[in-house]
Structures are given as structure tokens and as C-alpha cells.
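Take a look at the structure set out below.
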Amino acid sequence: MAISSALSDRKRPIVISVALFILLSSLFLLLSPAPSALPFFFSPTSRFSSSSSFSPGAASAPPQTPAPVPVSASAPPRTPVPVTSSAPPGTPVPVSSSAPPRTPIPVSADASPHETASGGSGSSGADLPRPEADATADDADTNATQLGHGTPSAAAAQVSASVDTKEITTGVSGGRGAEGGGVGGGGEEKPVEAPMWELCEVGKRVEPADYIPCLDNVKAVKALKSIRHMEHRERHCPTEPRPRCLVPLPAGYRLPLPWPRSRDMIWYNNVPHPKLVEYKKDQNWVRKSGNYFLFPGGGTQFKAGVARYIQFIEQIMPQIKWGTHTRTVLDVGCGVASFGGHLLDRNVITMSIAPKDEHEAQIQFALERGIPALLAVIGTQKLPFPDNSFDVIHCARCRVHWYADGGKPLLELNRVLRPGGYYIWSATPVYRRGKRDEDDWNAMVTLTKSICWRTVVKSKDVNRIGVVIYQKPTSNSCYAGRKNNEPPLCSGSNDHSPWYTPLDSCLLLAVLSKSGEGNSWPISWPERLNIRSSTTSENSSTWFSQEKFDSDTKNWNGLISEVYSSEFAVNWSSIRNVMDMNAGFGGFAASLIDRPLWVMNVVPFDQPDTLPIIFNRGLIGVYHDWCESFNTYPRTYDLLHMSYLLQSLANRCDIIEIAAEIDRILRPGRWFVLQDNIGMVRKMDRVLRSLHYKTAIMKRQFLVARKGFWRPDSTGS
């Protein structure tokens, strides 16, 4: 007994010390804003490492092999944790409510601590994972070695198990996560009810994984009285209720190959449409090789390769000066966009367009390759581009009857081609002499003369493929001297948006400067990037002062370098296709110009018309209404960016519908960045967490959200 008592007396201080240590450590863990400071207690199964946190310590161990692994039951729980905020109601928000809705607020160095989705004031910017430490296992496996990146670093393994999978089988699902609690704070904020997500129900002959609501509206297309002018390829958006469903992943989907390798090859399972391989086998568009589609750079009109074709154009017309004089190009009927893809080597940015038609998934191929592209057709409505915007327009056997319907299709090209710009046409009427081709050629000659286009050169390459290049006039003198007023000149101003506007049957006059010439050609690239100018109307530039333009440029340069690049948990090296959903002057895109990515600048149709300025800077973009679906395939963008737009959208459509469209466009494992007032940020955060996105609220005005691979199963669970 004496021995036992002595042992107990000896153990008592140790037991008390251990108990105190555990108690104090637990209290510190619960009260600490950065639980990763105690790695001993921090594990992937902890509630602090939920899918709604970007804490750097939340990474699970990297997989031992790079082989594709389906989502397993051993993955960390995906159910979002209820988020509370330590900020009391009425806490001042750094974003002024009186600030213009389109002007981003610069973030000062002494801004408030970051607010994370796990509640309260999060860690400082220095504690957030830097982009280099956020590379996913998906990006760091075989793809990395193929690009010469070598073995993935330890930091590259710091990813959530929710996106730590190389290959996903359709139908894999996690927990619902809709029970994720309120966003906390902002006492008077009306909470957004977390939706019950389901997969989209599509019409017959529509592939669910490729669903585009405004282009796959089977009911609306069946009700059309005519499809003579490609009406069935135009937008027919569903009316109430608008889509708020999710598009499934194709079986075996993988993250795309990195640029520039993706230009020449993509994963077959990501776009599993082999018809073009057989349909265009003699024209070298695309070939299948094992698990890949290969793009050898051929085309209907450039069988010797697109690189030689581009060089041939510059040889027969040296004044085109790819990449200096010519910066923005529209490629009509682009196929798989090899023309635009190879022009990128010449510092030329091309908007490649084609309809969703029997040339199966051609635009999807283009975007999967990392090449700018958009689903569009010249039918009965104007293209979503401003007047006088493109330096060059190109058509290689694009199957558009330019002279049909009084020449309306060619008049539309004339509208979007800037004065002095060139139209490159390569088609059989240029070089063949059959009756049909000759009739088509004669009709084209008559029409181009009537709109005062000058034939600059007509030539054939070594394969006897013909090309003719026209130039649009820079003044209105030719129009006044025509014998016949056909097509007639447009009367009145043309300042209205082309969004859902019928094609013109009249000829748009050039906007004249004081010298009597049309708008002067922009200065050479890249100097034009920093010049504020517009070609829409005489007074359009006066809406936006040089001071406002310069301020916008300065703000975005600062935000990108000081916040987006250094503090956001975004792996910029994995980003290729970017969309700015409210582009303003294009400052966001301009500040990213030195990175190996491209930006689709979207100007909402009901916002100030800054798109002409964007094109004059040598960037590209479109008009759009974000209460409707965008003309792109699912899973086509690596980063979506929205700055101060959500409030105005929420007045016209449901935030859940907007989130569903964001999810449709965004690739798994990639990012959505929102800048807005704290109320809008919290509302979107709640909705995206119901989709199992990893989210972080930062500086009370930014939401950084990363999409996972979660999809609801057929029962919606």
C-alpha cells in the first residue's frame, strides 16, 4: 500500500500538468483565428478544415501515385460548416455604398484583417496560401512533367481531397451541404435560402454534359416558324422559371492539359465527340490518338498547315503587319480555331466564332485548347460586338452566303470591321470556275463594290487555294458618289446596343473626325493597350474622361499585383481561359497582359458601353445579360471574375440562377472571384458553399471560391 501510495503521489503532478496542458491548448485552439497554428490538433477531419476554408494547414497528404482516383468515402467531410462572424451588426464596410458600381475599390495596405468563411476575422494576408503553394495534384502530376516542371513540390500537394482526384466518374456525389448555416453578421441582411441542387433535365438530342440553356431550348426551337436564316442556331433562352440546375461532368473528365501543350492536344474524355475526326479526316482538323485529340494545324483552306497560311497572307499583303498594326481579328466559321490559335504566336488576339451545329463541338474543342472562342451565328440578329471593333475579319470556307437577303450578312461584317480594316475571304468562288462558284463570285463583286470595299489583293498559294482581301473605306465620300443608293445609308444615330437587335439592311456611315476621315487607326500594339479611345460615336469617349480611365488602370494594376497575385489562394500558373463578367474599361484584363492567359471581357448590356474602348485597347469582349446563359459550353473557363455587378443583377434575377450559370461555365478545380459589398459577398458565399465550393471572404469585399467536382446524383443528394 505504501508503494502504491507513493506511486500515486508521484503521478499526481504529472496528471495535473497533462490535464492543464490539454485544457489550455483546447481553449487556445477554439479561440484562435488560425487553427493551423496548432498542427498537433489540426487534422483533415477537424471542423476547422471544412470545405469552406482556405487555411494553409488544411491540406491532406498527397496521393502516393498520380493515377486517376475516384472520389472515395475516405475523403474529408464536404458538408459546409455553419459560418459565423465576430463582426457586430453595423460594423463599417470598407466598400463605400456611394462608390460607382463599376469602379473597384483599391485595397490599402492597412485594410482590415481578412474575413474567412470559417468565421470572424481570419488570418492576415501573410498567412494565406500563396498561388505557388496552391497548385493542385491534378496540375502537378503527369501534366507537370510533360511541360518540364519536374517533380511536384511539397507545396503543390496542399489541396483539399475534394479536388484531389484526377478522374471523376459521372454521378459521384458527396453530402448535400445545404445545411451550412447562416453567413452571420450584418444583422439586417436577408439570408439566402440554400437551394436543393439537381441535375438539369435536357431535351431530346441534347447531350446533358454539353447543355447550353439558351442554345438548347428544344421547345422554343420547335415552335419557330422558319429556320431559313439560321434562326434555330440563335439564342432562345428559357423563360420563367430560369434554369437553376447543374450540368453533369462527362465520364472520365480530367483537368485540361496546360498551355501551350493544350493548343495541340486535349483529353478525349473532356470533349468526347469523335465525329469531326471522320468528317474532316482529309483536311487535318483533328485526329484521335489514344486518350487524346490531336490538332495538327490543318484546315479546309490551309491543307499545308495554318502557320504557312498565316505567313502567306502577310506575304501577299505586307501592310497587315500581324501583331503591331493588326491586333484584333474576328474569325467567322472558325472550325476548331487553329487559325486564331496560331495567330497568338504573332501577338494577335482572335475572336473565333461558329454556331452550335453539325460540326460537332468545334467551339468546345477551341476553348478546351485554350483558344478564345464564342458560339455565335450570323442569322437574323447582330453579333454581340460594337461597331468598328475588329482590325481584320477572316472567313475560310465559312459557309455564309454573304450576298443573301439583300447582303445583310456582309453588312453585319461591315458594321463590326473598323474603317481601314481588312476582310480576308478564302473560299471556292475565289479560285474555282464552275457555274455556281462564278455566280457566287459575281454576286460578291457586286455587293463589295456597292459598300465601297476596295479589292487589295487576290492571289493563290502553292496549293492553288485562292484568297481575296478587301479593305473598308476610311471616309464616307465613296458612299455619296454611288450611282445607286443600294444598300441605303442608315439614318439617325446608331448608339444602341446590338444585343438582341435585328440585322441592318442599311449601310453604316463611318464616324468622321474633324479632318473628315473616319476614326483613326489605333497606334501600334502594345502601345495601344494604354490609350483611351472609342470608335462608336463622336461623343462616346467624352462619357469617360481620361482621368477616370487612368484611375481605373492604376486601381487594377495595384489590385492585381498587391492583392490578387499575392494574397488570393489562386494558382495562376494553371489558369488559361479567363472571363471578366463586368469588364468596365478592361483594366483587369490589361493588368494580366503579361501572363500566359487571355480574357473574355464582358460588358453587360445595361451598363455603360465601354466595349468600344476595350477593343481599341487591343483586347476582345462581348455584350451579355447575366440573367441569361452565356454562349459557351460547360467547363470552359479557369477563372471567372465579377466586380460590383451582383447587386444590380439581383434586382432582375435570382442569385441562385447566377450561381448556377457560374458553375456551368467554370471548370472543376478552378476559381470564381467576386468583388462587391459585404452583403452581396456573403449571399454568394452561402450559395456557393451549398455547391461544395471552398470559399474565403477577404477584406470584407472579396470572395474567392474554388469549385470542386461535386455533382448531385439522380436523387439530388
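Chain labels run A, B, ... following the order of the C-alpha cells; each chain numbers its residues from 1, and ligands are numbered from 1 in the order shown.
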
What are the nearest atom pairs, with distances in Å to one decimal, for all residues of range 592-684 of chain A that come at most 9 Å from range 233-240 of chain A, using only C-alpha atoms, set out by chain and rising residue number as JSON lines?
{"residue": "A:Glu628", "atom": "CA", "partner": "A:Cys237", "partner_atom": "CA", "distance": 6.8}
{"residue": "A:Ser629", "atom": "CA", "partner": "A:Cys237", "partner_atom": "CA", "distance": 7.6}
{"residue": "A:Asn631", "atom": "CA", "partner": "A:Arg235", "partner_atom": "CA", "distance": 8.3}

(message) Residues near Cys478 in chain A, anyone? I mean within 10 Å using only C-alpha atoms, not counting same-chain ones fewer than 2 positions away, as a ChimeraX atom specification.
(response) /A:449-453,473-476,480-482

Excluding Gly407 in chain A and any residue of its chain fewer than 6 positions from it, enumerate the residues within 10 Å of it, using only C-alpha atoms, and give them as a short mmCIF file (atom, residue, chain, number, x, y, z; two decimals) with C-alpha atoms, in the first residue's frame.
data_model
loop_
_atom_site.label_atom_id
_atom_site.label_comp_id
_atom_site.auth_asym_id
_atom_site.auth_seq_id
_atom_site.Cartn_x
_atom_site.Cartn_y
_atom_site.Cartn_z
CA HIS A 401 -23.96 33.37 -98.03
CA ALA A 443 -22.59 38.42 -106.64
CA MET A 444 -19.77 39.12 -104.18
CA LEU A 447 -22.00 43.65 -103.26
CA THR A 448 -18.49 44.65 -102.20
CA ILE A 451 -20.49 49.09 -99.98
CA PRO A 487 -27.89 49.35 -99.91
CA ASP A 504 -29.36 46.14 -90.53
CA SER A 505 -30.38 46.34 -94.16
CA CYS A 506 -28.63 49.69 -94.47
#

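The nearest approach to Tyr637 in chain A among the residues A:Arg528, A:Lys356, A:Arg369, A:Arg682, with only C-alpha atoms taken into account, belongs to A:Arg369.
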
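Counting only C-alpha atoms and comparing A:Lys275, A:Arg436, A:Arg399, A:Lys321, the residue that lies closest to Gly333 in chain A is A:Arg399.
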
DSSP alpha helix (DSSP H) residues within range 409-616 of chain A, listed as a compact mmCIF listing (two decimals) with N, CA, C and O atoms, in the first residue's frame:
# COMPACT_ATOMS: atom_id res chain seq x y z
N PRO A 409 -25.79 39.73 -94.26
CA PRO A 409 -24.64 39.16 -93.56
C PRO A 409 -23.35 39.97 -93.77
O PRO A 409 -22.60 40.20 -92.82
N LEU A 410 -23.10 40.41 -95.01
CA LEU A 410 -21.89 41.20 -95.26
C LEU A 410 -22.01 42.59 -94.66
O LEU A 410 -21.01 43.17 -94.21
N LEU A 411 -23.21 43.15 -94.63
CA LEU A 411 -23.40 44.44 -93.97
C LEU A 411 -23.09 44.35 -92.47
O LEU A 411 -22.62 45.32 -91.86
N GLU A 412 -23.35 43.19 -91.89
CA GLU A 412 -23.01 43.00 -90.47
C GLU A 412 -21.49 42.96 -90.28
O GLU A 412 -20.97 43.52 -89.31
N LEU A 413 -20.78 42.32 -91.21
CA LEU A 413 -19.32 42.36 -91.14
C LEU A 413 -18.82 43.79 -91.31
O LEU A 413 -17.88 44.22 -90.63
N ASN A 414 -19.42 44.51 -92.21
CA ASN A 414 -19.03 45.91 -92.42
C ASN A 414 -19.23 46.73 -91.14
O ASN A 414 -18.44 47.62 -90.83
N ARG A 415 -20.29 46.40 -90.39
CA ARG A 415 -20.57 47.13 -89.14
C ARG A 415 -19.46 46.93 -88.12
O ARG A 415 -19.02 47.89 -87.46
N VAL A 416 -19.00 45.69 -87.93
CA VAL A 416 -18.04 45.41 -86.86
C VAL A 416 -16.58 45.58 -87.31
O VAL A 416 -15.67 45.52 -86.48
N THR A 428 -14.14 28.75 -102.30
CA THR A 428 -14.07 28.25 -103.68
C THR A 428 -14.47 29.27 -104.74
O THR A 428 -13.90 29.25 -105.84
N PRO A 429 -15.42 30.21 -104.49
CA PRO A 429 -15.71 31.19 -105.53
C PRO A 429 -14.51 32.07 -105.91
O PRO A 429 -14.49 32.66 -106.99
N VAL A 430 -13.52 32.13 -105.04
CA VAL A 430 -12.35 32.97 -105.31
C VAL A 430 -11.46 32.35 -106.38
O VAL A 430 -10.83 33.06 -107.17
N TYR A 431 -11.41 31.01 -106.45
CA TYR A 431 -10.42 30.37 -107.33
C TYR A 431 -10.98 29.26 -108.22
O TYR A 431 -10.27 28.76 -109.08
N LYS A 435 -19.97 26.90 -112.63
CA LYS A 435 -21.04 27.91 -112.78
C LYS A 435 -21.48 28.47 -111.43
O LYS A 435 -21.64 29.69 -111.27
N ARG A 436 -21.67 27.58 -110.46
CA ARG A 436 -22.14 28.05 -109.15
C ARG A 436 -21.10 28.98 -108.51
O ARG A 436 -21.46 30.03 -107.97
N ASP A 437 -19.83 28.58 -108.57
CA ASP A 437 -18.78 29.42 -107.98
C ASP A 437 -18.68 30.76 -108.70
O ASP A 437 -18.48 31.80 -108.05
N GLU A 438 -18.81 30.75 -110.01
CA GLU A 438 -18.73 32.00 -110.76
C GLU A 438 -19.91 32.92 -110.43
O GLU A 438 -19.74 34.13 -110.31
N ASP A 439 -21.10 32.32 -110.29
CA ASP A 439 -22.26 33.13 -109.90
C ASP A 439 -22.06 33.76 -108.52
O ASP A 439 -22.38 34.94 -108.30
N ASP A 440 -21.52 32.95 -107.61
CA ASP A 440 -21.28 33.46 -106.26
C ASP A 440 -20.22 34.57 -106.28
O ASP A 440 -20.35 35.58 -105.56
N TRP A 441 -19.19 34.38 -107.07
CA TRP A 441 -18.14 35.39 -107.16
C TRP A 441 -18.69 36.71 -107.74
O TRP A 441 -18.41 37.78 -107.20
N ASN A 442 -19.47 36.61 -108.78
CA ASN A 442 -20.04 37.82 -109.39
C ASN A 442 -20.96 38.57 -108.42
O ASN A 442 -20.96 39.80 -108.36
N ALA A 443 -21.73 37.80 -107.64
CA ALA A 443 -22.59 38.42 -106.64
C ALA A 443 -21.76 39.13 -105.56
O ALA A 443 -22.12 40.23 -105.10
N MET A 444 -20.64 38.51 -105.19
CA MET A 444 -19.77 39.12 -104.18
C MET A 444 -19.11 40.39 -104.72
O MET A 444 -18.99 41.39 -103.99
N VAL A 445 -18.70 40.36 -105.97
CA VAL A 445 -18.09 41.55 -106.58
C VAL A 445 -19.07 42.72 -106.57
O VAL A 445 -18.73 43.85 -106.21
N THR A 446 -20.30 42.44 -106.96
CA THR A 446 -21.32 43.49 -107.00
C THR A 446 -21.59 44.07 -105.61
O THR A 446 -21.67 45.30 -105.44
N LEU A 447 -21.68 43.19 -104.61
CA LEU A 447 -22.00 43.65 -103.26
C LEU A 447 -20.85 44.43 -102.64
O LEU A 447 -21.06 45.48 -102.02
N THR A 448 -19.62 43.95 -102.79
CA THR A 448 -18.49 44.65 -102.20
C THR A 448 -18.30 46.03 -102.83
O THR A 448 -17.94 47.00 -102.14
N LYS A 449 -18.58 46.15 -104.13
CA LYS A 449 -18.50 47.47 -104.77
C LYS A 449 -19.57 48.41 -104.24
O LYS A 449 -19.34 49.60 -104.04
N SER A 450 -20.76 47.85 -103.97
CA SER A 450 -21.87 48.70 -103.52
C SER A 450 -21.62 49.25 -102.12
O SER A 450 -22.20 50.28 -101.75
N SER A 477 -16.93 59.46 -98.46
CA SER A 477 -17.00 60.09 -99.79
C SER A 477 -17.47 59.11 -100.86
O SER A 477 -18.23 59.48 -101.76
N CYS A 478 -17.06 57.85 -100.77
CA CYS A 478 -17.46 56.86 -101.77
C CYS A 478 -18.96 56.62 -101.72
O CYS A 478 -19.61 56.46 -102.76
N TYR A 479 -19.54 56.60 -100.51
CA TYR A 479 -20.97 56.34 -100.38
C TYR A 479 -21.78 57.43 -101.09
O TYR A 479 -22.79 57.16 -101.75
N ALA A 480 -21.34 58.66 -100.94
CA ALA A 480 -22.07 59.77 -101.56
C ALA A 480 -21.96 59.74 -103.08
O ALA A 480 -22.84 60.24 -103.78
N GLN A 546 -10.35 60.95 -69.50
CA GLN A 546 -9.03 60.35 -69.44
C GLN A 546 -8.63 60.10 -67.98
O GLN A 546 -8.01 59.10 -67.66
N GLU A 547 -9.06 61.01 -67.09
CA GLU A 547 -8.75 60.86 -65.67
C GLU A 547 -9.38 59.59 -65.10
O GLU A 547 -8.75 58.85 -64.34
N LYS A 548 -10.64 59.33 -65.47
CA LYS A 548 -11.32 58.13 -64.98
C LYS A 548 -10.66 56.87 -65.55
O LYS A 548 -10.48 55.87 -64.85
N PHE A 549 -10.29 56.92 -66.82
CA PHE A 549 -9.62 55.78 -67.46
C PHE A 549 -8.28 55.50 -66.77
O PHE A 549 -7.96 54.35 -66.44
N ASP A 550 -7.49 56.55 -66.55
CA ASP A 550 -6.18 56.37 -65.91
C ASP A 550 -6.33 55.86 -64.48
O ASP A 550 -5.53 55.03 -64.02
N SER A 551 -7.34 56.36 -63.78
CA SER A 551 -7.58 55.91 -62.41
C SER A 551 -7.95 54.43 -62.37
O SER A 551 -7.49 53.67 -61.51
N ASP A 552 -8.78 54.02 -63.32
CA ASP A 552 -9.17 52.61 -63.41
C ASP A 552 -7.96 51.73 -63.68
O ASP A 552 -7.78 50.68 -63.06
N THR A 553 -7.11 52.16 -64.60
CA THR A 553 -5.90 51.39 -64.91
C THR A 553 -5.00 51.27 -63.69
O THR A 553 -4.48 50.19 -63.38
N LYS A 554 -4.82 52.38 -62.98
CA LYS A 554 -3.97 52.37 -61.78
C LYS A 554 -4.54 51.46 -60.70
O LYS A 554 -3.82 50.70 -60.06
N ASN A 555 -5.87 51.53 -60.51
CA ASN A 555 -6.51 50.68 -59.50
C ASN A 555 -6.28 49.21 -59.78
O ASN A 555 -5.94 48.43 -58.88
N TRP A 556 -6.50 48.81 -61.04
CA TRP A 556 -6.37 47.39 -61.36
C TRP A 556 -4.93 46.91 -61.31
O TRP A 556 -4.66 45.79 -60.88
N ASN A 557 -4.01 47.75 -61.73
CA ASN A 557 -2.60 47.35 -61.62
C ASN A 557 -2.23 47.09 -60.17
O ASN A 557 -1.52 46.13 -59.84
N GLY A 558 -2.74 47.97 -59.27
CA GLY A 558 -2.46 47.78 -57.85
C GLY A 558 -3.14 46.57 -57.27
O GLY A 558 -2.53 45.80 -56.51
N LEU A 559 -4.42 46.38 -57.61
CA LEU A 559 -5.16 45.22 -57.08
C LEU A 559 -4.55 43.90 -57.53
O LEU A 559 -4.41 42.96 -56.75
N GLY A 587 -9.58 47.12 -67.55
CA GLY A 587 -8.39 47.26 -66.72
C GLY A 587 -7.92 45.97 -66.10
O GLY A 587 -6.71 45.73 -65.96
N PHE A 588 -8.86 45.09 -65.71
CA PHE A 588 -8.49 43.79 -65.15
C PHE A 588 -7.70 42.99 -66.17
O PHE A 588 -6.64 42.44 -65.87
N ALA A 589 -8.21 42.93 -67.42
CA ALA A 589 -7.52 42.18 -68.47
C ALA A 589 -6.18 42.81 -68.81
O ALA A 589 -5.18 42.11 -69.02
N ALA A 590 -6.14 44.14 -68.88
CA ALA A 590 -4.89 44.82 -69.24
C ALA A 590 -3.80 44.55 -68.21
O ALA A 590 -2.62 44.41 -68.57
N SER A 591 -4.18 44.45 -66.94
CA SER A 591 -3.18 44.22 -65.91
C SER A 591 -2.63 42.80 -65.92
O SER A 591 -1.61 42.52 -65.29
N LEU A 611 -17.32 48.80 -74.22
CA LEU A 611 -16.72 47.76 -75.06
C LEU A 611 -15.92 48.33 -76.24
O LEU A 611 -14.87 47.78 -76.59
N PRO A 612 -16.35 49.44 -76.88
CA PRO A 612 -15.51 50.01 -77.94
C PRO A 612 -14.12 50.40 -77.45
O PRO A 612 -13.13 50.23 -78.16
N ILE A 613 -14.04 50.90 -76.23
CA ILE A 613 -12.74 51.26 -75.67
C ILE A 613 -11.90 50.01 -75.46
O ILE A 613 -10.68 50.01 -75.71
N ILE A 614 -12.53 48.93 -75.01
CA ILE A 614 -11.81 47.67 -74.80
C ILE A 614 -11.19 47.18 -76.11
O ILE A 614 -10.02 46.78 -76.15
N PHE A 615 -11.97 47.22 -77.19
CA PHE A 615 -11.43 46.78 -78.49
C PHE A 615 -10.31 47.71 -78.96
O PHE A 615 -9.32 47.25 -79.53
N ASN A 616 -10.46 49.00 -78.74
CA ASN A 616 -9.41 49.92 -79.17
C ASN A 616 -8.11 49.72 -78.40
O ASN A 616 -7.03 50.06 -78.88

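Excluding Lys472 in chain A and any residue on its chain fewer than 2 positions from it, the residues at most 6 Å away by only C-alpha atoms are Pro419, Gly420, Gly421 and Trp453 of chain A.
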
(request) To one decimal in Å, tell me the separation between CA of Ser690 in chain A and CA of Ile575 in chain A. (result) 24.3 Å

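The residues of range 288-383 of chain A that DSSP assigns to strand (DSSP E) on this backbone come out as Lys288, Ser289, Tyr292, Phe293, Leu294, Thr328, Val329, Leu330, Asp331, Val332, Ile349, Thr350, Met351, Ser352, Ile353, Ala354, Ala373, Leu374 and Leu375 of chain A.
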
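Taking CA of Val348 in chain A as the reference point, CA of Ile620 in chain A is found at 10.7 Å.
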
(request) Kindly give the distance, in Å, that separates CA of Trp322 in chain A and CA of Met600 in chain A, rounded to a single decimal. (result) 20.6 Å

(request) Would you kindly return, as a ChimeraX atom specification, each protein, DNA or RNA residue with an atom no farther than 10 Å from any atom of range 456-461 of chain A, considering only C-alpha atoms and excluding same-chain residues fewer than 4 positions away? (result) /A:302,304,308-309,312-313,316-317,422-426,430-431,465-471

(request) Using only C-alpha atoms, pick whichever of A:Gln319, A:Ser226, A:Ser338, A:Asn388 has the shortest atom-to-atom distance to Phe295 in chain A. (result) A:Ser338

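Remark: for Tyr633 in chain A, the closest of the candidate residues A:Phe585, A:Phe365, A:Trp259, A:Trp572 is A:Phe365 (distances computed over only C-alpha atoms).
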